[in-house]
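**Student:** Hey, dropping data01.pdb in here, PDB, C-alpha atoms and all ligand atoms:
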ATOM      1  CA  MET A1243     -11.340   6.724  14.607  1.00  0.00           C
ATOM      2  CA  ALA A1244      -8.497   4.361  13.974  1.00  0.00           C
ATOM      3  CA  LYS A1245      -6.667   3.862  17.216  1.00  0.00           C
ATOM      4  CA  ASP A1246      -3.854   1.777  15.868  1.00  0.00           C
ATOM      5  CA  SER A1247      -2.086   4.286  13.776  1.00  0.00           C
ATOM      6  CA  PRO A1248      -0.086   7.449  14.267  1.00  0.00           C
ATOM      7  CA  LYS A1249      -1.544  10.540  12.708  1.00  0.00           C
ATOM      8  CA  THR A1250      -0.182  13.776  11.447  1.00  0.00           C
ATOM      9  CA  PRO A1251      -2.554  16.596  12.202  1.00  0.00           C
ATOM     10  CA  LYS A1252      -1.719  19.634  10.202  1.00  0.00           C
ATOM     11  CA  SER A1253      -2.411  23.282  10.249  1.00  0.00           C
ATOM     12  CA  ARG A1254      -5.051  24.441   7.819  1.00  0.00           C
ATOM     13  CA  SER A1255      -3.374  27.759   7.103  1.00  0.00           C
ATOM     14  CA  ALA A1256      -3.303  28.193   3.338  1.00  0.00           C
ATOM     15  CA  THR A1257      -0.016  30.062   3.400  1.00  0.00           C
ATOM     16  CA  ASN A1258       1.803  27.248   5.197  1.00  0.00           C
ATOM     17  CA  PRO A1259       0.367  24.014   3.879  1.00  0.00           C
ATOM     18  CA  SER A1260       2.904  21.710   5.506  1.00  0.00           C
ATOM     19  CA  VAL A1261       2.570  19.800   8.763  1.00  0.00           C
ATOM     20  CA  GLY A1262       1.959  22.072  11.748  1.00  0.00           C
ATOM     21  CA  VAL A1263       1.684  19.552  14.583  1.00  0.00           C
ATOM     22  CA  TRP A1264       2.851  15.980  15.047  1.00  0.00           C
ATOM     23  CA  ALA A1265       0.747  13.813  17.318  1.00  0.00           C
ATOM     24  CA  VAL A1266       0.401  10.180  18.326  1.00  0.00           C
ATOM     25  CA  GLN A1267      -2.495   8.434  20.014  1.00  0.00           C
ATOM     26  CA  CYS A1268      -1.953   6.590  23.297  1.00  0.00           C
ATOM     27  CA  GLU A1269      -2.777   2.899  23.064  1.00  0.00           C
ATOM     28  CA  LYS A1270      -4.362   2.890  26.533  1.00  0.00           C
ATOM     29  CA  CYS A1271      -6.304   6.129  27.003  1.00  0.00           C
ATOM     30  CA  LEU A1272      -6.658   6.980  23.278  1.00  0.00           C
ATOM     31  CA  LYS A1273      -5.695  10.589  23.948  1.00  0.00           C
ATOM     32  CA  TRP A1274      -3.549  12.461  21.447  1.00  0.00           C
ATOM     33  CA  ARG A1275      -0.105  13.527  22.570  1.00  0.00           C
ATOM     34  CA  ARG A1276       1.912  16.139  20.746  1.00  0.00           C
ATOM     35  CA  ILE A1277       5.331  15.039  19.603  1.00  0.00           C
ATOM     36  CA  ALA A1278       7.897  17.825  19.668  1.00  0.00           C
ATOM     37  CA  THR A1279       9.790  17.125  16.462  1.00  0.00           C
ATOM     38  CA  GLN A1280       9.348  15.356  13.158  1.00  0.00           C
ATOM     39  CA  GLU A1281      12.395  13.232  13.992  1.00  0.00           C
ATOM     40  CA  GLN A1282      10.804  11.957  17.218  1.00  0.00           C
ATOM     41  CA  PHE A1283       7.537  11.362  15.371  1.00  0.00           C
ATOM     42  CA  GLU A1284       9.277   9.362  12.642  1.00  0.00           C
ATOM     43  CA  ASP A1285      11.109   7.384  15.306  1.00  0.00           C
ATOM     44  CA  ILE A1286       7.843   6.414  17.045  1.00  0.00           C
ATOM     45  CA  ARG A1287       6.159   5.700  13.713  1.00  0.00           C
ATOM     46  CA  SER A1288       9.006   3.509  12.460  1.00  0.00           C
ATOM     47  CA  ARG A1289       8.333   0.839  15.117  1.00  0.00           C
ATOM     48  CA  PHE A1290       4.726   1.618  15.954  1.00  0.00           C
ATOM     49  CA  THR A1291       3.410  -1.914  15.444  1.00  0.00           C
ATOM     50  CA  GLU A1292       5.964  -3.509  17.779  1.00  0.00           C
ATOM     51  CA  GLU A1293       5.948  -0.642  20.264  1.00  0.00           C
ATOM     52  CA  PRO A1294       2.553   1.073  20.403  1.00  0.00           C
ATOM     53  CA  PHE A1295       2.687   4.526  21.887  1.00  0.00           C
ATOM     54  CA  ASN A1296       1.773   5.077  25.541  1.00  0.00           C
ATOM     55  CA  CYS A1297       1.623   8.256  27.569  1.00  0.00           C
ATOM     56  CA  PRO A1298       4.680   8.740  29.778  1.00  0.00           C
ATOM     57  CA  ASN A1299       4.237   6.819  33.062  1.00  0.00           C
ATOM     58  CA  GLY A1300       1.059   7.681  34.899  1.00  0.00           C
ATOM     59  CA  THR A1301       0.019  10.599  32.685  1.00  0.00           C
ATOM     60  CA  CYS A1302      -2.962   8.930  30.979  1.00  0.00           C
ATOM     61  CA  ASP A1303      -5.279  10.918  33.290  1.00  0.00           C
ATOM     62  CA  ASP A1304      -3.926  14.226  31.997  1.00  0.00           C
ATOM     63  CA  PRO A1305      -6.031  16.033  29.394  1.00  0.00           C
ATOM     64  CA  ALA A1306      -5.228  15.332  25.759  1.00  0.00           C
ATOM     65  CA  ASP A1307      -2.697  17.679  24.161  1.00  0.00           C
ATOM     66  CA  ILE A1308      -4.832  17.993  21.083  1.00  0.00           C
ATOM     67  CA  GLU A1309      -8.262  16.745  19.992  1.00  0.00           C
ATOM     68  CA  TYR A1310      -9.043  15.017  16.750  1.00  0.00           C
ATOM     69  CA  ASP A1311     -11.649  17.335  15.250  1.00  0.00           C
ATOM     70  CA  ALA A1312     -12.275  19.505  12.222  1.00  0.00           C
ATOM     71  CA  SER A1313     -10.630  22.575  13.759  1.00  0.00           C
ATOM     72  CA  ARG A1314      -7.612  21.481  11.756  1.00  0.00           C
ATOM     73  CA  THR A1315      -7.101  19.069   8.897  1.00  0.00           C
ATOM     74  CA  TRP A1316      -5.625  15.721   9.880  1.00  0.00           C
ATOM     75  CA  ALA A1317      -3.710  13.227   7.811  1.00  0.00           C
ATOM     76  CA  ILE A1318      -3.274   9.641   8.954  1.00  0.00           C
ATOM     77  CA  ASP A1319       0.041   7.866   8.557  1.00  0.00           C
ATOM     78  CA  LYS A1320       0.787   4.244   7.992  1.00  0.00           C
ATOM     79  CA  PRO A1321       2.709   2.674  10.868  1.00  0.00           C
ATOM     80  CA  ASN A1322       6.235   1.324  10.513  1.00  0.00           C
ATOM     81  CA  LEU A1323       7.470   3.542   7.703  1.00  0.00           C
ATOM     82  CA  PRO A1324      11.254   3.720   7.676  1.00  0.00           C
ATOM     83  CA  LYS A1325      12.747   6.841   9.208  1.00  0.00           C
ATOM     84  CA  THR A1326      14.090   9.384   6.774  1.00  0.00           C
ATOM     85  CA  PRO A1327      17.841   8.649   6.536  1.00  0.00           C
ATOM     86  CA  SER A1328      20.067  10.814   8.699  1.00  0.00           C
ATOM     87  CA  GLY A1329      20.912  14.151   7.069  1.00  0.00           C
ATOM     88  CA  PHE A1330      17.939  14.022   4.722  1.00  0.00           C
ATOM     89  CA  LYS A1331      14.620  15.677   5.424  1.00  0.00           C
ATOM     90  CA  ARG A1332      11.161  14.670   4.261  1.00  0.00           C
ATOM     91  CA  GLU A1333       8.544  17.365   3.885  1.00  0.00           C
ATOM     92  CA  LEU A1334       4.849  16.977   3.228  1.00  0.00           C
ATOM     93  CA  TYR A1335       2.664  19.585   1.607  1.00  0.00           C
ATOM     94  CA  LEU A1336      -1.085  19.505   1.408  1.00  0.00           C
ATOM     95  CA  ARG A1337      -2.506  20.277  -2.003  1.00  0.00           C
ATOM     96  CA  ARG A1338      -4.691  23.346  -2.072  1.00  0.00           C
ATOM     97  CA  ASP A1339      -7.731  21.242  -2.968  1.00  0.00           C
ATOM     98  CA  TYR A1340      -7.039  18.987   0.058  1.00  0.00           C
ATOM     99  CA  SER A1341      -6.953  15.953  -2.227  1.00  0.00           C
ATOM    100  CA  LYS A1342      -3.616  14.596  -0.988  1.00  0.00           C
ATOM    101  CA  MET A1343      -0.232  15.398   0.490  1.00  0.00           C
ATOM    102  CA  ASP A1344       2.821  15.594  -1.737  1.00  0.00           C
ATOM    103  CA  THR A1345       6.174  14.346  -0.472  1.00  0.00           C
ATOM    104  CA  TYR A1346       9.500  16.034  -1.117  1.00  0.00           C
ATOM    105  CA  TYR A1347      12.990  15.229   0.083  1.00  0.00           C
ATOM    106  CA  PHE A1348      15.865  17.538   0.881  1.00  0.00           C
ATOM    107  CA  THR A1349      19.416  16.280   0.691  1.00  0.00           C
ATOM    108  CA  PRO A1350      22.033  17.076   3.381  1.00  0.00           C
ATOM    109  CA  LEU A1351      23.044  20.081   1.229  1.00  0.00           C
ATOM    110  CA  GLY A1352      19.464  21.267   0.861  1.00  0.00           C
ATOM    111  CA  LYS A1353      18.772  20.140  -2.703  1.00  0.00           C
ATOM    112  CA  LYS A1354      15.077  19.443  -3.232  1.00  0.00           C
ATOM    113  CA  LEU A1355      14.114  16.064  -4.685  1.00  0.00           C
ATOM    114  CA  ARG A1356      10.561  15.587  -5.902  1.00  0.00           C
ATOM    115  CA  SER A1357      10.292  11.829  -6.135  1.00  0.00           C
ATOM    116  CA  VAL A1358      11.956   8.585  -5.109  1.00  0.00           C
ATOM    117  CA  THR A1359      13.208   8.390  -8.710  1.00  0.00           C
ATOM    118  CA  ASP A1360      15.047  11.672  -8.126  1.00  0.00           C
ATOM    119  CA  VAL A1361      16.386  10.287  -4.833  1.00  0.00           C
ATOM    120  CA  THR A1362      17.695   7.177  -6.607  1.00  0.00           C
ATOM    121  CA  THR A1363      19.443   9.327  -9.237  1.00  0.00           C
ATOM    122  CA  PHE A1364      20.932  11.540  -6.527  1.00  0.00           C
ATOM    123  CA  LEU A1365      22.303   8.507  -4.639  1.00  0.00           C
ATOM    124  CA  GLU A1366      23.858   7.130  -7.842  1.00  0.00           C
ATOM    125  CA  GLN A1367      25.582  10.474  -8.380  1.00  0.00           C
ATOM    126  CA  ASN A1368      26.815  10.553  -4.786  1.00  0.00           C
ATOM    127  CA  PRO A1369      28.492   7.208  -4.146  1.00  0.00           C
ATOM    128  CA  GLN A1370      29.963   8.555  -0.888  1.00  0.00           C
ATOM    129  CA  LEU A1371      26.452   8.068   0.521  1.00  0.00           C
ATOM    130  CA  SER A1372      26.739   4.321  -0.047  1.00  0.00           C
ATOM    131  CA  ASP A1373      25.169   3.503   3.330  1.00  0.00           C
ATOM    132  CA  VAL A1374      21.920   5.140   2.196  1.00  0.00           C
ATOM    133  CA  LYS A1375      19.667   3.028  -0.011  1.00  0.00           C
ATOM    134  CA  PRO A1376      16.690   4.091  -2.150  1.00  0.00           C
ATOM    135  CA  SER A1377      14.533   1.665  -0.160  1.00  0.00           C
ATOM    136  CA  ASP A1378      15.251   3.753   2.952  1.00  0.00           C
ATOM    137  CA  PHE A1379      12.991   6.360   1.376  1.00  0.00           C
ATOM    138  CA  SER A1380      10.068   3.991   0.928  1.00  0.00           C
ATOM    139  CA  PHE A1381       7.106   6.033   2.036  1.00  0.00           C
ATOM    140  CA  THR A1382       3.357   6.222   1.700  1.00  0.00           C
ATOM    141  CA  SER A1383       1.879   9.672   1.910  1.00  0.00           C
ATOM    142  CA  PRO A1384      -0.536  10.037   4.840  1.00  0.00           C
ATOM    143  CA  LYS A1385      -4.221   9.898   4.045  1.00  0.00           C
ATOM    144  CA  VAL A1386      -6.007  13.219   4.346  1.00  0.00           C
ATOM    145  CA  MET A1387      -9.027  12.632   6.596  1.00  0.00           C
ATOM    146  CA  ASP A1388     -12.242  13.650   4.833  1.00  0.00           C
ATOM    147  CA  ASP A1389     -14.047  14.494   8.060  1.00  0.00           C
ATOM    148  CA  THR A1390     -11.458  17.164   8.891  1.00  0.00           C
ATOM    149  CA  ILE A1391     -11.386  18.901   5.516  1.00  0.00           C
ATOM    150  CA  PRO A1392     -13.085  22.319   5.646  1.00  0.00           C
ATOM    151  CA  SER A1393     -16.565  22.125   4.153  1.00  0.00           C
ATOM    152  CA  THR A1394     -15.730  25.007   1.830  1.00  0.00           C
ATOM    153  CA  ALA A1395     -12.956  22.889   0.286  1.00  0.00           C
ATOM    154  CA  LEU A1396     -15.299  19.931  -0.137  1.00  0.00           C
ATOM    155  CA  LEU A1397     -17.847  22.127  -1.879  1.00  0.00           C
ATOM    156  CA  ALA A1398     -15.197  23.526  -4.186  1.00  0.00           C
ATOM    157  CA  ASN A1399     -13.973  20.029  -4.987  1.00  0.00           C
ATOM    158  CA  SER A1400     -17.361  18.564  -5.719  1.00  0.00           C
ATOM    159  CA  HIS A1401     -18.166  21.559  -7.907  1.00  0.00           C
ATOM    160  CA  LYS A1402     -14.931  21.109  -9.833  1.00  0.00           C
ATOM    161  CA  LYS A1403     -15.545  17.411 -10.414  1.00  0.00           C
ATOM    162  CA  GLY A1404     -19.219  17.915 -11.182  1.00  0.00           C
ATOM    163  CA  VAL A1405     -20.232  15.717  -8.254  1.00  0.00           C
ATOM    164  CA  ALA A1406     -23.373  16.790  -6.472  1.00  0.00           C
ATOM    165  CA  SER A1407     -23.054  14.949  -3.181  1.00  0.00           C
ATOM    166  CA  SER A1408     -20.472  15.582  -0.496  1.00  0.00           C
ATOM    167  CA  THR A1409     -18.201  12.840   0.775  1.00  0.00           C
ATOM    168  CA  LYS A1410     -20.077  12.508   4.076  1.00  0.00           C
TER
HETATM  169 ZN    ZN A1501      -2.482   7.440  27.726  1.00  0.00          ZN
END
Could you show the structure in this file as C-alpha cells?
Ligand SMILES: [Zn+2]

**Tutor:**
Amino acid sequence: MAKDSPKTPKSRSATNPSVGVWAVQCEKCLKWRRIATQEQFEDIRSRFTEEPFNCPNGTCDDPADIEYDASRTWAIDKPNLPKTPSGFKRELYLRRDYSKMDTYYFTPLGKKLRSVTDVTTFLEQNPQLSDVKPSDFSFTSPKVMDDTIPSTALLANSHKKGVASSTK
C-alpha cells in the first residue's frame, strides 16, 4: 500500500457512484482517518508533500476510522493537486465498469462542465472571474485500485475485453 499519498475511498453503491468517504493516511501510524468534507480533503491534498498528514496530537493509538480493504472500492489520488477554485465544485464519478473515474466541474451557478476545455471556455465567457485561471483546474483523476474492485466487475470486464486472466 502506498503510504505517501492521500486516497479517496468510495462507496460501491451502483446508484450513487460518486465519492462516499474521504480519507487520508497518517504518516506515522499509517492508519486511515476520515476527512469530514471534500474541501478539507482537497486542502490537505493540495500541500500533502510539504505537510504530510498526521493524526491530531496523541491520537495515533486510536483505532483507524476506516480500513483499506475490498469492502469498498478505493481510488488513490495524486498529492499536491490544486484545490478547486472557490465557488466551483469538482465531482468524481466511477464508471460502471470500474475502469476509471470521470471528473466534472460545477460553476458557482451550478452549470455542469465536462472537461477543462469547457472550463476554459466558461472562464473566457465570464471575464468577471478573472482571478480564476484554467490552470487552477489542473487535475489528475484518482487511480481506481484494482484490489478493491468487486470480483464480479473484474469478471465482467475481462469477459467484455476477451481477456481470460484476472488482473491479480
Ligand atoms: Zn497516526

**Student:** So, counting only C-alpha atoms and all ligand atoms, which residue among A:Gln1280, A:Phe1290, A:Val1261, A:Gly1300 is closest to ligand ZN 1501 (chain A)?

**Tutor:**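 With only C-alpha atoms and all ligand atoms as the atom set, the closest residue is A:Gly1300.
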
**Student:** Could you spell out the hits of the PyMOL selection byres (((chain A and resi 1273) around 10) and not hetatm) on the shown file, as a PyMOL selection string?

**Tutor:** chain A and resi 1245+1265-1272+1274-1276+1296-1297+1302-1310

**Student:** What does the structure give for the distance between atom CA of A:Val1358 and atom CA of A:Arg1332, in Å to one decimal?

**Tutor:** 11.2 Å

**Student:** As a ChimeraX atom specification, please: the residues near A:Pro1327 (cut-off 8 Å, only C-alpha atoms, same-chain neighbours under 4 positions excluded).

**Tutor:** /A:1331,1374,1378-1379

**Student:** Hey, which of A:Ser1357, A:Thr1301, A:Ser1260, A:Thr1362 ends up closest to ligand ZN 1501 (chain A)? Count all atoms listed in the file.

**Tutor:**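 Closest to ligand ZN 1501 (chain A), using all atoms listed in the file: A:Thr1301.
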
**Student:** Have a look at A:Asn1322, A:Asn1299, A:Thr1315, A:Ser1372 and name the one nearest to ligand ZN 1501 (chain A); count all atoms listed in the file.

**Tutor:**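 The shortest atom-to-atom distance to ligand ZN 1501 (chain A) comes from A:Asn1299.
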
**Student:** Rounded to one decimal in Å, what is the spacing between atom CA of A:Met1343 and atom CA of A:Val1386?

**Tutor:**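 Going from atom CA of A:Met1343 over to atom CA of A:Val1386 covers 7.3 Å.
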
**Student:** List every protein, DNA or RNA residue that has at least one atom no more than 6 Å from (-8.4, 14.2, 8.8) in the file's coordinates, counting only C-alpha atoms, and write the result as a PyMOL selection string.

**Tutor:** chain A and resi 1315-1317+1386-1390

**Student:** Using the selection just defined, write its residues with C-alpha atoms as a JSON list (two decimals), in the frame of the given file.

**Tutor:**
[["chain", "number", "residue", "atom", "x", "y", "z"],
["A", 1315, "THR", "CA", -7.10, 19.07, 8.90],
["A", 1316, "TRP", "CA", -5.62, 15.72, 9.88],
["A", 1317, "ALA", "CA", -3.71, 13.23, 7.81],
["A", 1386, "VAL", "CA", -6.01, 13.22, 4.35],
["A", 1387, "MET", "CA", -9.03, 12.63, 6.60],
["A", 1388, "ASP", "CA", -12.24, 13.65, 4.83],
["A", 1389, "ASP", "CA", -14.05, 14.49, 8.06],
["A", 1390, "THR", "CA", -11.46, 17.16, 8.89]]

**Student:** Could you state the separation of atom CA of A:Phe1348 and atom CA of A:Glu1293 in Å, given to one decimal place?

**Tutor:**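 One can read the atom CA of A:Phe1348 to atom CA of A:Glu1293 distance as 28.4 Å.
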
**Student:** Taking all atoms of stretch 1364-1377 of chain A that the file lists, what box with edges along x, y and z, padded by 6 Å per side, do you get, with centre and edge lengths in Å to one decimal, as AutoDock Vina command-line options?

**Tutor:**
--center_x 22.2 --center_y 6.6 --center_z -2.5 --size_x 27.4 --size_y 21.9 --size_z 23.7

**Student:** Name the residues captured by the PyMOL selection byres (((chain A and resi 1287) around 10) and not hetatm) when it is applied to the shown file; answer as a CSV table (one decimal) with C-alpha atoms, keeping the file's coordinate frame.

**Tutor:**
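Saved result, result.csv, follows:
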chain,number,residue,atom,x,y,z
A,1247,SER,CA,-2.1,4.3,13.8
A,1248,PRO,CA,-0.1,7.4,14.3
A,1249,LYS,CA,-1.5,10.5,12.7
A,1266,VAL,CA,0.4,10.2,18.3
A,1281,GLU,CA,12.4,13.2,14.0
A,1282,GLN,CA,10.8,12.0,17.2
A,1283,PHE,CA,7.5,11.4,15.4
A,1284,GLU,CA,9.3,9.4,12.6
A,1285,ASP,CA,11.1,7.4,15.3
A,1286,ILE,CA,7.8,6.4,17.0
A,1288,SER,CA,9.0,3.5,12.5
A,1289,ARG,CA,8.3,0.8,15.1
A,1290,PHE,CA,4.7,1.6,16.0
A,1291,THR,CA,3.4,-1.9,15.4
A,1293,GLU,CA,5.9,-0.6,20.3
A,1294,PRO,CA,2.6,1.1,20.4
A,1295,PHE,CA,2.7,4.5,21.9
A,1319,ASP,CA,0.0,7.9,8.6
A,1320,LYS,CA,0.8,4.2,8.0
A,1321,PRO,CA,2.7,2.7,10.9
A,1322,ASN,CA,6.2,1.3,10.5
A,1323,LEU,CA,7.5,3.5,7.7
A,1324,PRO,CA,11.3,3.7,7.7
A,1325,LYS,CA,12.7,6.8,9.2

**Student:** For this structure, which residues satisfy the selection - the PyMOL selection byres (((chain A and resi 1339) around 7) and not hetatm) - when it is evaluated on the file as given? I want them as a PyMOL selection string.

**Tutor:** chain A and resi 1337-1338+1340-1341+1395+1399

**Student:** Which residue gives the smallest distance to ligand ZN 1501 (chain A) among A:Leu1365, A:Pro1298, A:Asp1344, A:Asp1373, with only C-alpha atoms and all ligand atoms counted?

**Tutor:** A:Pro1298

**Student:** Using only C-alpha atoms, determine which residues lie at most 10 Å from A:Gly1352, disregarding the query and same-chain residues fewer than 3 positions distant; provide the list as a ChimeraX atom specification.

**Tutor:** /A:1329-1331,1347-1349,1355

**Student:** Please save C-alpha atoms of the selected residues as a compact mmCIF listing (two decimals), in the frame of the given file.

**Tutor:**
# COMPACT_ATOMS: atom_id res chain seq x y z
CA GLY A 1329 20.91 14.15 7.07
CA PHE A 1330 17.94 14.02 4.72
CA LYS A 1331 14.62 15.68 5.42
CA TYR A 1347 12.99 15.23 0.08
CA PHE A 1348 15.86 17.54 0.88
CA THR A 1349 19.42 16.28 0.69
CA LEU A 1355 14.11 16.06 -4.68
